$ cat upload.txt   # compact mmCIF, C-alpha atoms (C1' of nucleotides)
# COMPACT_ATOMS: atom_id res chain seq x y z
CA MET A 5 117.99 96.04 97.08
CA VAL A 6 118.69 97.69 100.43
CA GLU A 7 117.37 101.19 100.05
CA GLU A 8 117.24 104.50 101.83
CA GLN A 9 114.58 103.65 104.37
CA ASP A 10 115.96 100.19 105.02
CA GLU A 11 119.29 101.75 105.87
CA ARG A 12 117.61 103.97 108.42
CA ILE A 13 116.09 100.89 110.00
CA LEU A 14 119.39 99.02 109.95
CA ALA A 15 121.26 101.97 111.43
CA GLU A 16 118.76 102.21 114.25
CA LEU A 17 118.64 98.49 114.96
CA GLN A 18 122.42 98.44 115.06
CA LYS A 19 122.30 101.19 117.68
CA ASP A 20 119.50 99.56 119.64
CA GLY A 21 118.78 95.98 118.74
CA ARG A 22 115.87 95.84 121.15
CA ALA A 23 114.09 98.95 120.01
CA THR A 24 110.38 98.22 119.85
CA ASN A 25 108.76 98.26 116.46
CA GLN A 26 106.82 101.34 117.51
CA GLN A 27 109.93 103.31 118.41
CA LEU A 28 111.53 102.21 115.18
CA ALA A 29 108.54 103.19 113.08
CA GLU A 30 108.45 106.62 114.67
CA ILE A 31 112.18 107.21 114.15
CA VAL A 32 112.21 106.20 110.50
CA GLY A 33 108.84 107.82 109.87
CA MET A 34 106.52 105.10 108.77
CA SER A 35 103.54 103.22 110.08
CA THR A 36 104.19 100.43 112.53
CA SER A 37 102.91 97.82 110.14
CA ALA A 38 105.05 98.96 107.21
CA CYS A 39 108.07 99.17 109.46
CA TRP A 40 107.42 95.75 110.92
CA ARG A 41 107.17 94.21 107.46
CA ARG A 42 110.46 95.75 106.39
CA VAL A 43 112.28 94.52 109.44
CA ARG A 44 110.87 91.07 108.85
CA ALA A 45 112.00 91.20 105.21
CA LEU A 46 115.48 92.26 106.24
CA GLU A 47 115.63 89.36 108.64
CA GLU A 48 114.36 86.78 106.17
CA SER A 49 116.60 87.98 103.35
CA GLY A 50 119.57 87.66 105.67
CA VAL A 51 120.56 91.31 105.64
CA ILE A 52 119.96 91.18 109.37
CA SER A 53 121.75 87.98 110.30
CA GLY A 54 120.79 88.09 113.96
CA TYR A 55 120.66 90.07 117.15
CA SER A 56 123.07 90.06 120.04
CA ALA A 57 123.52 91.47 123.49
CA LEU A 58 126.82 93.32 123.70
CA VAL A 59 128.63 92.25 126.84
CA ALA A 60 131.34 94.34 128.47
CA ARG A 61 134.39 92.11 128.17
CA GLU A 62 136.21 93.06 131.36
CA ARG A 63 133.12 93.21 133.54
CA ALA A 64 132.25 89.73 132.41
CA GLY A 65 135.62 88.44 133.52
CA PHE A 66 137.63 88.30 130.29
CA ALA A 67 140.74 90.23 131.16
CA THR A 68 143.03 89.18 128.34
CA SER A 69 142.78 89.51 124.59
CA ALA A 70 145.16 89.52 121.68
CA ILE A 71 145.45 89.86 117.95
CA LEU A 72 147.33 87.00 116.32
CA HIS A 73 149.13 87.11 113.01
CA VAL A 74 149.14 83.60 111.64
CA SER A 75 150.87 82.26 108.55
CA LEU A 76 150.56 78.79 107.09
CA GLU A 77 153.43 76.65 105.85
CA ARG A 78 151.59 75.68 102.71
CA HIS A 79 148.33 76.80 101.20
CA ASP A 80 146.85 73.59 99.89
CA VAL A 81 143.11 73.45 100.41
CA LYS A 82 143.81 70.60 102.77
CA PHE A 83 145.73 72.75 105.23
CA VAL A 84 143.58 75.79 104.73
CA ASP A 85 140.35 73.88 105.30
CA GLU A 86 141.77 72.20 108.37
CA PHE A 87 142.87 75.53 109.79
CA VAL A 88 139.52 77.16 109.11
CA ALA A 89 137.59 74.24 110.54
CA ARG A 90 139.57 74.28 113.75
CA VAL A 91 139.40 78.01 114.18
CA MET A 92 135.64 78.02 113.63
CA GLN A 93 134.99 75.81 116.59
CA ARG A 94 137.18 77.60 119.11
CA ARG A 95 135.00 80.08 120.87
CA GLU A 96 137.96 82.08 122.20
CA VAL A 97 138.56 83.10 118.59
CA LEU A 98 136.07 85.87 118.15
CA GLU A 99 137.30 86.98 114.76
CA CYS A 100 139.38 85.47 111.98
CA PHE A 101 140.19 87.17 108.68
CA ALA A 102 142.23 86.02 105.72
CA THR A 103 144.30 89.03 104.74
CA THR A 104 146.89 90.33 102.35
CA GLY A 105 150.22 91.37 103.85
CA ASP A 106 152.80 89.52 105.89
CA ALA A 107 150.36 87.31 107.73
CA ASP A 108 147.86 85.00 106.08
CA TYR A 109 145.35 85.44 108.88
CA HIS A 110 144.44 87.92 111.58
CA LEU A 111 142.69 86.47 114.62
CA ARG A 112 141.24 88.19 117.65
CA VAL A 113 141.24 85.97 120.71
CA VAL A 114 139.55 86.68 124.05
CA VAL A 115 140.25 84.71 127.23
CA ARG A 116 139.89 85.09 130.97
CA ASP A 117 143.57 85.57 131.77
CA MET A 118 147.11 85.08 130.52
CA ASP A 119 147.13 81.53 131.76
CA ALA A 120 144.20 80.70 129.58
CA TYR A 121 145.90 82.40 126.66
CA ASN A 122 148.99 80.33 127.16
CA ARG A 123 146.88 77.20 127.18
CA PHE A 124 145.12 78.38 124.06
CA LEU A 125 148.46 78.61 122.25
CA ASP A 126 149.91 75.34 123.56
CA GLU A 127 146.86 73.18 123.35
CA PHE A 128 145.26 74.59 120.27
CA MET A 129 147.15 76.97 118.05
CA PHE A 130 150.53 75.25 118.05
CA ARG A 131 148.90 71.91 117.33
CA ILE A 132 147.24 72.95 114.12
CA PRO A 133 149.10 71.24 111.27
CA GLY A 134 150.82 73.38 108.69
CA ILE A 135 151.30 76.49 110.82
CA ARG A 136 154.41 78.40 109.82
CA HIS A 137 154.29 81.27 112.21
CA VAL A 138 152.18 82.78 114.98
CA ARG A 139 152.82 86.26 116.30
CA THR A 140 150.92 87.47 119.34
CA ASN A 141 149.99 91.12 119.69
CA VAL A 142 148.52 91.55 123.14
CA ILE A 143 145.72 94.07 123.30
CA LEU A 144 146.74 96.76 125.77
CA LYS A 145 143.63 98.82 125.39
CA GLU A 146 140.37 98.59 123.52
CA ILE A 147 139.95 101.98 121.96
CA LYS A 148 136.88 100.98 120.06
CA THR A 149 134.96 97.75 119.57
CA GLY A 150 132.09 98.47 117.23
CA VAL A 151 129.75 96.23 115.33
CA ALA A 152 127.71 98.85 113.50
CA LEU A 153 128.30 99.27 109.79
CA PRO A 154 128.75 102.94 108.84
CA PHE A 155 125.53 103.64 106.93
CA MET B 973 129.63 89.34 140.79
CA VAL B 974 128.62 87.68 137.53
CA GLU B 975 127.67 84.18 138.53
CA GLU B 976 126.67 80.87 137.03
CA GLN B 977 123.11 81.72 136.18
CA ASP B 978 123.96 85.19 134.95
CA GLU B 979 126.43 83.63 132.54
CA ARG B 980 123.71 81.39 131.16
CA ILE B 981 121.62 84.46 130.54
CA LEU B 982 124.49 86.34 128.96
CA ALA B 983 125.38 83.41 126.73
CA GLU B 984 121.82 83.14 125.55
CA LEU B 985 121.34 86.86 124.98
CA GLN B 986 124.55 86.92 122.99
CA LYS B 987 123.16 84.17 120.78
CA ASP B 988 119.76 85.79 120.47
CA GLY B 989 119.56 89.39 121.62
CA ARG B 990 115.83 89.49 120.98
CA ALA B 991 114.89 86.36 122.83
CA THR B 992 111.75 87.05 124.81
CA ASN B 993 112.01 87.05 128.55
CA GLN B 994 109.84 83.94 128.61
CA GLN B 995 112.12 81.97 126.29
CA LEU B 996 115.08 83.13 128.30
CA ALA B 997 113.52 82.14 131.61
CA GLU B 998 112.70 78.69 130.31
CA ILE B 999 116.19 78.12 128.89
CA VAL B 1000 118.01 79.15 132.05
CA GLY B 1001 115.40 77.54 134.26
CA MET B 1002 113.90 80.26 136.37
CA SER B 1003 110.65 82.10 136.67
CA THR B 1004 109.99 84.90 134.22
CA SER B 1005 110.04 87.51 136.93
CA ALA B 1006 113.34 86.39 138.43
CA CYS B 1007 114.88 86.18 134.98
CA TRP B 1008 113.58 89.59 134.04
CA ARG B 1009 115.07 91.15 137.17
CA ARG B 1010 118.46 89.60 136.49
CA VAL B 1011 118.54 90.82 132.93
CA ARG B 1012 117.60 94.27 134.14
CA ALA B 1013 120.40 94.17 136.74
CA LEU B 1014 122.90 93.09 134.11
CA GLU B 1015 121.85 96.00 131.95
CA GLU B 1016 121.96 98.56 134.73
CA SER B 1017 125.30 97.38 136.05
CA GLY B 1018 126.73 97.72 132.56
CA VAL B 1019 127.61 94.07 132.09
CA ILE B 1020 125.23 94.19 129.15
CA SER B 1021 126.31 97.39 127.44
CA GLY B 1022 123.66 97.28 124.77
CA TYR B 1023 121.96 95.30 122.05
CA SER B 1024 122.62 95.31 118.35
CA ALA B 1025 121.29 93.90 115.14
CA LEU B 1026 124.04 92.07 113.31
CA VAL B 1027 124.04 93.15 109.70
CA ALA B 1028 125.57 91.06 106.90
CA ARG B 1029 128.35 93.30 105.65
CA GLU B 1030 128.34 92.36 101.98
CA ARG B 1031 124.58 92.20 101.64
CA ALA B 1032 124.37 95.67 103.07
CA GLY B 1033 126.72 96.99 100.43
CA PHE B 1034 130.08 97.13 102.21
CA ALA B 1035 132.34 95.20 99.88
CA THR B 1036 135.72 96.28 101.20
CA SER B 1037 137.38 95.95 104.55
CA ALA B 1038 140.91 95.95 105.86
CA ILE B 1039 143.02 95.60 108.94
CA LEU B 1040 145.45 98.46 109.42
CA HIS B 1041 148.67 98.37 111.36
CA VAL B 1042 149.35 101.89 112.55
CA SER B 1043 152.39 103.25 114.36
CA LEU B 1044 152.84 106.70 115.77
CA GLU B 1045 155.95 108.85 115.39
CA ARG B 1046 155.93 109.81 119.01
CA HIS B 1047 153.87 108.69 121.97
CA ASP B 1048 153.25 111.90 123.85
CA VAL B 1049 149.75 112.02 125.29
CA LYS B 1050 149.16 114.88 122.91
CA PHE B 1051 149.60 112.74 119.81
CA VAL B 1052 147.98 109.69 121.32
CA ASP B 1053 144.90 111.58 122.45
CA GLU B 1054 144.58 113.26 119.10
CA PHE B 1055 144.83 109.94 117.31
CA VAL B 1056 142.29 108.29 119.59
CA ALA B 1057 139.89 111.20 119.32
CA ARG B 1058 139.99 111.18 115.55
CA VAL B 1059 139.62 107.43 115.26
CA MET B 1060 136.66 107.43 117.62
CA GLN B 1061 134.60 109.63 115.39
CA ARG B 1062 135.23 107.85 112.10
CA ARG B 1063 132.47 105.34 111.68
CA GLU B 1064 134.38 103.37 109.04
CA VAL B 1065 136.72 102.34 111.86
CA LEU B 1066 134.78 99.55 113.50
CA GLU B 1067 137.57 98.48 115.79
CA CYS B 1068 140.74 99.98 117.18
CA PHE B 1069 143.12 98.30 119.62
CA ALA B 1070 146.36 99.46 121.15
CA THR B 1071 148.65 96.45 120.96
CA THR B 1072 152.09 95.17 121.72
CA GLY B 1073 154.22 94.16 118.76
CA ASP B 1074 155.45 95.98 115.69
CA ALA B 1075 152.38 98.18 115.32
CA ASP B 1076 151.05 100.48 118.01
CA TYR B 1077 147.45 100.04 116.84
CA HIS B 1078 145.35 97.55 114.97
CA LEU B 1079 142.30 98.98 113.22
CA ARG B 1080 139.54 97.27 111.31
CA VAL B 1081 137.99 99.49 108.67
CA VAL B 1082 134.86 98.76 106.64
CA VAL B 1083 133.85 100.73 103.54
CA ARG B 1084 131.66 100.35 100.48
CA ASP B 1085 134.46 99.89 97.95
CA MET B 1086 138.16 100.40 97.27
CA ASP B 1087 137.52 103.92 96.17
CA ALA B 1088 136.06 104.74 99.54
CA TYR B 1089 139.01 103.07 101.21
CA ASN B 1090 141.44 105.14 99.20
CA ARG B 1091 139.59 108.26 100.24
CA PHE B 1092 139.63 107.08 103.83
CA LEU B 1093 143.42 106.88 103.73
CA ASP B 1094 144.01 110.13 101.86
CA GLU B 1095 141.46 112.30 103.58
CA PHE B 1096 141.63 110.88 107.06
CA MET B 1097 144.39 108.51 108.04
CA PHE B 1098 147.30 110.23 106.32
CA ARG B 1099 146.26 113.58 107.77
CA ILE B 1100 146.43 112.52 111.38
CA PRO B 1101 149.45 114.26 112.91
CA GLY B 1102 152.24 112.11 114.26
CA ILE B 1103 151.60 109.00 112.18
CA ARG B 1104 154.81 107.12 111.46
CA HIS B 1105 153.52 104.21 109.48
CA VAL B 1106 150.32 102.71 108.13
CA ARG B 1107 150.21 99.24 106.67
CA THR B 1108 147.04 98.02 104.98
CA ASN B 1109 146.08 94.37 105.16
CA VAL B 1110 143.09 93.92 102.90
CA ILE B 1111 140.59 91.39 104.18
CA LEU B 1112 140.25 88.71 101.53
CA LYS B 1113 137.75 86.63 103.44
CA GLU B 1114 135.87 86.85 106.68
CA ILE B 1115 136.30 83.45 108.22
CA LYS B 1116 134.57 84.45 111.41
CA THR B 1117 133.14 87.66 112.83
CA GLY B 1118 131.85 86.96 116.25
CA VAL B 1119 130.76 89.17 119.10
CA ALA B 1120 129.93 86.55 121.70
CA LEU B 1121 132.30 86.14 124.62
CA PRO B 1122 133.18 82.47 125.23
CA PHE B 1123 131.37 81.77 128.51
C1' DT C 1242 118.94 75.99 167.19
C1' DC C 1243 116.39 79.74 166.49
C1' DA C 1244 114.98 84.46 165.62
C1' DT C 1245 115.37 88.30 162.62
C1' DG C 1246 116.27 91.33 158.87
C1' DA C 1247 117.53 91.43 154.17
C1' DT C 1248 117.31 89.49 149.79
C1' DT C 1249 115.42 86.81 146.19
C1' DT C 1250 111.75 84.18 144.54
C1' DG C 1251 107.28 82.97 141.83
C1' DG C 1252 102.74 84.59 140.67
C1' DT C 1253 99.67 87.98 138.88
C1' DA C 1254 97.38 91.70 136.35
C1' DG C 1255 97.31 95.89 133.78
C1' DA C 1256 99.82 98.16 130.17
C1' DT C 1257 102.37 97.61 126.13
C1' DT C 1258 103.86 95.31 122.04
C1' DT C 1259 103.73 91.97 118.48
C1' DT C 1260 101.78 89.87 114.59
C1' DA C 1261 98.53 88.59 111.04
C1' DC C 1262 94.95 90.20 108.47
C1' DC C 1263 92.10 93.68 105.99
C1' DG C 1264 90.82 96.96 102.28
C1' DA C 1265 92.88 101.16 100.26
C1' DA C 1266 96.52 103.56 97.99
C1' DA C 1267 100.59 103.62 95.27
C1' DT C 1268 103.40 101.66 91.63
C1' DG C 1269 104.67 100.18 87.10
C1' DG C 1270 104.13 97.73 82.65
C1' DA C 1271 101.58 97.03 78.43
C1' DT D 1103 94.56 104.43 80.52
C1' DC D 1104 93.92 100.12 82.48
C1' DC D 1105 95.03 96.25 85.16
C1' DA D 1106 98.03 93.49 88.00
C1' DT D 1107 101.19 93.75 91.63
C1' DT D 1108 103.14 95.61 95.44
C1' DT D 1109 103.13 98.42 99.43
C1' DC D 1110 100.59 101.02 102.48
C1' DG D 1111 98.10 102.31 107.14
C1' DG D 1112 94.73 100.65 110.42
C1' DT D 1113 93.02 97.20 113.51
C1' DA D 1114 92.28 93.51 116.88
C1' DA D 1115 93.53 89.32 119.09
C1' DA D 1116 97.46 87.09 121.01
C1' DA D 1117 101.71 87.49 123.20
C1' DT D 1118 104.82 89.89 126.01
C1' DC D 1119 106.55 93.22 129.23
C1' DT D 1120 106.77 95.29 133.64
C1' DA D 1121 105.70 96.60 138.32
C1' DC D 1122 103.75 95.02 142.17
C1' DC D 1123 102.77 91.53 146.00
C1' DA D 1124 103.32 88.05 149.54
C1' DA D 1125 105.98 83.89 150.31
C1' DA D 1126 110.30 81.53 150.37
C1' DT D 1127 115.17 81.59 151.02
C1' DC D 1128 119.42 83.12 152.90
C1' DA D 1129 122.83 85.05 156.16
C1' DT D 1130 124.06 86.28 160.65
C1' DG D 1131 124.47 86.62 165.47
C1' DA D 1132 122.54 85.36 169.92
$ encode --input "upload.txt" --output "structure tokens"
Amino acid sequence: MVEEQDERILAELQKDGRATNQQLAEIVGMSTSACWRRVRALEESGVISGYSALVARERAGFATSAILHVSLERHDVKFVDEFVARVMQRREVLECFATTGDADYHLRVVVRDMDAYNRFLDEFMFRIPGIRHVRTNVILKEIKTGVALPF
Amino acid sequence: MVEEQDERILAELQKDGRATNQQLAEIVGMSTSACWRRVRALEESGVISGYSALVARERAGFATSAILHVSLERHDVKFVDEFVARVMQRREVLECFATTGDADYHLRVVVRDMDAYNRFLDEFMFRIPGIRHVRTNVILKEIKTGVALPF
DNA sequence: TCATGATTTGGTAGATTTTACCGAAATGGA
DNA sequence: TCCATTTCGGTAAAATCTACCAAATCATGA
């Protein structure tokens, strides 16, 4: 499905999402037209789900972030669906994963300051029905924030 | 520093990192040349740190991922620096955050399968000097994997 | 209020890139 | 081997980027 040469393209487009088709073709060693078609195919098949500018969090004014461990009281679809639906529409929640281990979910939340984080908890998180437990792990330092899959 | 109109640009480029300058200019309501200059300034000032294609993890053949809670035995700069240096160069580690709470670090690791994850632990993680504890939280479901800051 | 220097703006044109199409080459079953 | 299908490289028109210009805007002090 995704083969050798496609992976080269994906690796490069992960590194530079605005590389021109010509640069790309040269790097992966094919003609511009063949390369262009493959990129298009990767987009249309959904392997490439989109493109994004990567914005430096602090420089853009988002000083505070945290990883939340969240557990639900009960795991009926009702509560789970409600939780998922609410989390999906809060833009401060950049990531949310259902996980094994002590917590049911891991969330990464990014806000402008501690005040905003406090509001996030009070006005959003603590009001979700069926929440058993929320533990905040404040992010002291971002060692690494990558998006590129390790081809 | 980063003002109103810049935020509109950033929001849009986060949504579509390959939007043409013309689309962008129209959306944020300025001339193409003014818009182009602002984007360029955002890039050069480092507010935009880069661009990336977003690749669908599963479709690209990475079936397994996990969130690791890692604690160090001791927190001398020596051990910390060594840990950070090693983590930085492992591409399976997409994210690494130093956090408050029970664990010193939260890592998100993406690999092709469980076998690869097992190797990752044995050959890499467990060999880092000064590790006190590693807890694996397997990701059962990706509810949300966003990169866009909530402007 | 006005003058002045600095900054930012919109428009433009040449250079570059994208994108769709072509016939040729490669591929793979029967 | 033959034929159908896919994939290839090349090409040209359309779209876009990018660097320049002069005009408009802004900030400041007289």
$ calpha_fit_and_write --input "upload.txt" --fixed "chain A" --moving "chain B" --output "mmCIF file with C-alpha atoms, keeping the file's coordinate frame"
data_model
loop_
_atom_site.group_PDB
_atom_site.id
_atom_site.type_symbol
_atom_site.label_atom_id
_atom_site.label_comp_id
_atom_site.auth_asym_id
_atom_site.auth_seq_id
_atom_site.Cartn_x
_atom_site.Cartn_y
_atom_site.Cartn_z
ATOM 1 C CA MET B 973 117.911 96.053 97.090
ATOM 2 C CA VAL B 974 118.661 97.711 100.420
ATOM 3 C CA GLU B 975 117.326 101.207 100.034
ATOM 4 C CA GLU B 976 117.199 104.514 101.838
ATOM 5 C CA GLN B 977 114.545 103.651 104.353
ATOM 6 C CA ASP B 978 115.908 100.185 104.988
ATOM 7 C CA GLU B 979 119.247 101.756 105.842
ATOM 8 C CA ARG B 980 117.574 103.986 108.400
ATOM 9 C CA ILE B 981 116.085 100.909 109.979
ATOM 10 C CA LEU B 982 119.367 99.041 109.908
ATOM 11 C CA ALA B 983 121.243 101.975 111.398
ATOM 12 C CA GLU B 984 118.750 102.233 114.201
ATOM 13 C CA LEU B 985 118.632 98.511 114.930
ATOM 14 C CA GLN B 986 122.408 98.464 115.047
ATOM 15 C CA LYS B 987 122.300 101.210 117.660
ATOM 16 C CA ASP B 988 119.517 99.578 119.627
ATOM 17 C CA GLY B 989 118.781 95.977 118.726
ATOM 18 C CA ARG B 990 115.872 95.863 121.146
ATOM 19 C CA ALA B 991 114.121 98.989 120.019
ATOM 20 C CA THR B 992 110.414 98.286 119.874
ATOM 21 C CA ASN B 993 108.769 98.285 116.505
ATOM 22 C CA GLN B 994 106.849 101.387 117.543
ATOM 23 C CA GLN B 995 109.977 103.366 118.414
ATOM 24 C CA LEU B 996 111.538 102.216 115.191
ATOM 25 C CA ALA B 997 108.528 103.198 113.107
ATOM 26 C CA GLU B 998 108.456 106.646 114.647
ATOM 27 C CA ILE B 999 112.187 107.230 114.132
ATOM 28 C CA VAL B 1000 112.186 106.205 110.484
ATOM 29 C CA GLY B 1001 108.814 107.804 109.878
ATOM 30 C CA MET B 1002 106.470 105.077 108.798
ATOM 31 C CA SER B 1003 103.512 103.225 110.161
ATOM 32 C CA THR B 1004 104.176 100.424 112.609
ATOM 33 C CA SER B 1005 102.873 97.812 110.234
ATOM 34 C CA ALA B 1006 104.976 98.944 107.286
ATOM 35 C CA CYS B 1007 108.034 99.161 109.503
ATOM 36 C CA TRP B 1008 107.391 95.747 110.963
ATOM 37 C CA ARG B 1009 107.121 94.191 107.505
ATOM 38 C CA ARG B 1010 110.391 95.754 106.400
ATOM 39 C CA VAL B 1011 112.245 94.536 109.441
ATOM 40 C CA ARG B 1012 110.838 91.082 108.859
ATOM 41 C CA ALA B 1013 111.962 91.191 105.207
ATOM 42 C CA LEU B 1014 115.438 92.282 106.235
ATOM 43 C CA GLU B 1015 115.620 89.369 108.627
ATOM 44 C CA GLU B 1016 114.333 86.808 106.161
ATOM 45 C CA SER B 1017 116.561 87.999 103.349
ATOM 46 C CA GLY B 1018 119.546 87.667 105.656
ATOM 47 C CA VAL B 1019 120.530 91.320 105.627
ATOM 48 C CA ILE B 1020 119.941 91.193 109.363
ATOM 49 C CA SER B 1021 121.742 87.998 110.299
ATOM 50 C CA GLY B 1022 120.783 88.100 113.937
ATOM 51 C CA TYR B 1023 120.665 90.075 117.145
ATOM 52 C CA SER B 1024 123.087 90.070 120.019
ATOM 53 C CA ALA B 1025 123.536 91.477 123.466
ATOM 54 C CA LEU B 1026 126.826 93.318 123.677
ATOM 55 C CA VAL B 1027 128.636 92.240 126.802
ATOM 56 C CA ALA B 1028 131.354 94.338 128.464
ATOM 57 C CA ARG B 1029 134.394 92.109 128.152
ATOM 58 C CA GLU B 1030 136.218 93.051 131.336
ATOM 59 C CA ARG B 1031 133.132 93.197 133.512
ATOM 60 C CA ALA B 1032 132.247 89.725 132.374
ATOM 61 C CA GLY B 1033 135.607 88.416 133.483
ATOM 62 C CA PHE B 1034 137.626 88.287 130.261
ATOM 63 C CA ALA B 1035 140.742 90.227 131.150
ATOM 64 C CA THR B 1036 143.012 89.159 128.315
ATOM 65 C CA SER B 1037 142.773 89.493 124.584
ATOM 66 C CA ALA B 1038 145.174 89.505 121.684
ATOM 67 C CA ILE B 1039 145.459 89.861 117.962
ATOM 68 C CA LEU B 1040 147.333 87.010 116.327
ATOM 69 C CA HIS B 1041 149.151 87.110 113.037
ATOM 70 C CA VAL B 1042 149.156 83.592 111.662
ATOM 71 C CA SER B 1043 150.888 82.243 108.572
ATOM 72 C CA LEU B 1044 150.584 78.793 107.121
ATOM 73 C CA GLU B 1045 153.475 76.655 105.892
ATOM 74 C CA ARG B 1046 151.650 75.693 102.766
ATOM 75 C CA HIS B 1047 148.382 76.804 101.235
ATOM 76 C CA ASP B 1048 146.916 73.590 99.913
ATOM 77 C CA VAL B 1049 143.165 73.456 100.416
ATOM 78 C CA LYS B 1050 143.855 70.596 102.769
ATOM 79 C CA PHE B 1051 145.779 72.739 105.236
ATOM 80 C CA VAL B 1052 143.610 75.782 104.742
ATOM 81 C CA ASP B 1053 140.385 73.880 105.302
ATOM 82 C CA GLU B 1054 141.789 72.201 108.361
ATOM 83 C CA PHE B 1055 142.890 75.523 109.790
ATOM 84 C CA VAL B 1056 139.544 77.162 109.089
ATOM 85 C CA ALA B 1057 137.611 74.243 110.519
ATOM 86 C CA ARG B 1058 139.584 74.266 113.733
ATOM 87 C CA VAL B 1059 139.395 78.015 114.175
ATOM 88 C CA MET B 1060 135.652 78.002 113.612
ATOM 89 C CA GLN B 1061 134.991 75.796 116.570
ATOM 90 C CA ARG B 1062 137.176 77.580 119.106
ATOM 91 C CA ARG B 1063 134.987 80.080 120.854
ATOM 92 C CA GLU B 1064 137.955 82.059 122.187
ATOM 93 C CA VAL B 1065 138.567 83.096 118.576
ATOM 94 C CA LEU B 1066 136.057 85.878 118.130
ATOM 95 C CA GLU B 1067 137.324 86.957 114.753
ATOM 96 C CA CYS B 1068 139.378 85.468 111.962
ATOM 97 C CA PHE B 1069 140.213 87.155 108.661
ATOM 98 C CA ALA B 1070 142.257 86.006 105.714
ATOM 99 C CA THR B 1071 144.324 89.025 104.737
ATOM 100 C CA THR B 1072 146.918 90.317 102.360
ATOM 101 C CA GLY B 1073 150.240 91.337 103.859
ATOM 102 C CA ASP B 1074 152.847 89.523 105.899
ATOM 103 C CA ALA B 1075 150.381 87.312 107.752
ATOM 104 C CA ASP B 1076 147.892 85.005 106.085
ATOM 105 C CA TYR B 1077 145.359 85.433 108.900
ATOM 106 C CA HIS B 1078 144.467 87.916 111.573
ATOM 107 C CA LEU B 1079 142.707 86.476 114.612
ATOM 108 C CA ARG B 1080 141.266 88.177 117.649
ATOM 109 C CA VAL B 1081 141.252 85.953 120.707
ATOM 110 C CA VAL B 1082 139.555 86.672 124.031
ATOM 111 C CA VAL B 1083 140.238 84.700 127.218
ATOM 112 C CA ARG B 1084 139.871 85.074 130.964
ATOM 113 C CA ASP B 1085 143.560 85.546 131.755
ATOM 114 C CA MET B 1086 147.105 85.050 130.492
ATOM 115 C CA ASP B 1087 147.114 81.528 131.760
ATOM 116 C CA ALA B 1088 144.167 80.701 129.571
ATOM 117 C CA TYR B 1089 145.880 82.381 126.652
ATOM 118 C CA ASN B 1090 148.997 80.321 127.174
ATOM 119 C CA ARG B 1091 146.885 77.194 127.194
ATOM 120 C CA PHE B 1092 145.120 78.372 124.067
ATOM 121 C CA LEU B 1093 148.451 78.586 122.258
ATOM 122 C CA ASP B 1094 149.909 75.339 123.578
ATOM 123 C CA GLU B 1095 146.848 73.159 123.361
ATOM 124 C CA PHE B 1096 145.249 74.577 120.265
ATOM 125 C CA MET B 1097 147.141 76.957 118.039
ATOM 126 C CA PHE B 1098 150.527 75.248 118.070
ATOM 127 C CA ARG B 1099 148.913 71.894 117.331
ATOM 128 C CA ILE B 1100 147.250 72.952 114.121
ATOM 129 C CA PRO B 1101 149.106 71.223 111.283
ATOM 130 C CA GLY B 1102 150.839 73.382 108.722
ATOM 131 C CA ILE B 1103 151.315 76.491 110.847
ATOM 132 C CA ARG B 1104 154.448 78.383 109.867
ATOM 133 C CA HIS B 1105 154.311 81.290 112.231
ATOM 134 C CA VAL B 1106 152.210 82.779 115.003
ATOM 135 C CA ARG B 1107 152.833 86.249 116.326
ATOM 136 C CA THR B 1108 150.929 87.458 119.377
ATOM 137 C CA ASN B 1109 149.995 91.105 119.706
ATOM 138 C CA VAL B 1110 148.535 91.545 123.160
ATOM 139 C CA ILE B 1111 145.721 94.065 123.305
ATOM 140 C CA LEU B 1112 146.743 96.745 125.773
ATOM 141 C CA LYS B 1113 143.616 98.815 125.373
ATOM 142 C CA GLU B 1114 140.368 98.586 123.507
ATOM 143 C CA ILE B 1115 139.958 101.986 121.963
ATOM 144 C CA LYS B 1116 136.868 100.978 120.065
ATOM 145 C CA THR B 1117 134.930 97.762 119.547
ATOM 146 C CA GLY B 1118 132.100 98.455 117.232
ATOM 147 C CA VAL B 1119 129.739 96.240 115.306
ATOM 148 C CA ALA B 1120 127.710 98.855 113.473
ATOM 149 C CA LEU B 1121 128.300 99.272 109.760
ATOM 150 C CA PRO B 1122 128.744 102.945 108.797
ATOM 151 C CA PHE B 1123 125.534 103.636 106.863
#
$ residues_near_point --input "upload.txt" --point "(138.8, 80.4, 101.8)" --cutoff "9 Å" --atoms "only C-alpha atoms (C1' of nucleotides)" --output "PyMOL selection string"
(chain A and resi 81+84-85+88+102) or (chain B and resi 1112-1115)
$ residues_around --input "upload.txt" --residues "segment 22-31 of chain A" --least-positions-apart "3" --cutoff "8 Å" --atoms "all atoms listed in the file" --output "VMD selection string"
(chain A and resid 13 16 to 17 34 to 36 39 to 40) or (chain B and resid 989 to 990 1023 to 1024) or (chain C and resid 1258)
$ interface_residues --input "upload.txt" --of "chain D" --to "chain B" --cutoff "12 Å" --atoms "all atoms listed in the file" --output "ChimeraX atom specification"
/D:1117-1122
$ interface_residues --input "upload.txt" --of "chain C" --to "chain B" --cutoff "9 Å" --atoms "all atoms listed in the file" --output "number ranges by chain"
C: 1249-1252
$ atom_distance --input "upload.txt" --atom1 "atom CA of Val1000 of chain B" --atom2 "atom C1' of DT1260 of chain C"
26.1 Å
$ residues_near_point --input "upload.txt" --point "(116.1, 92.3, 161.3)" --cutoff "12 Å" --atoms "only C-alpha atoms (C1' of nucleotides)" --output "list in words"
DA1244, DT1245, DG1246, DA1247 and DT1248 of chain C; DA1129, DT1130 and DG1131 of chain D
$ atom_distance --input "upload.txt" --atom1 "atom CA of Val74 of chain A" --atom2 "atom CA of Ser1043 of chain B"
20.1 Å
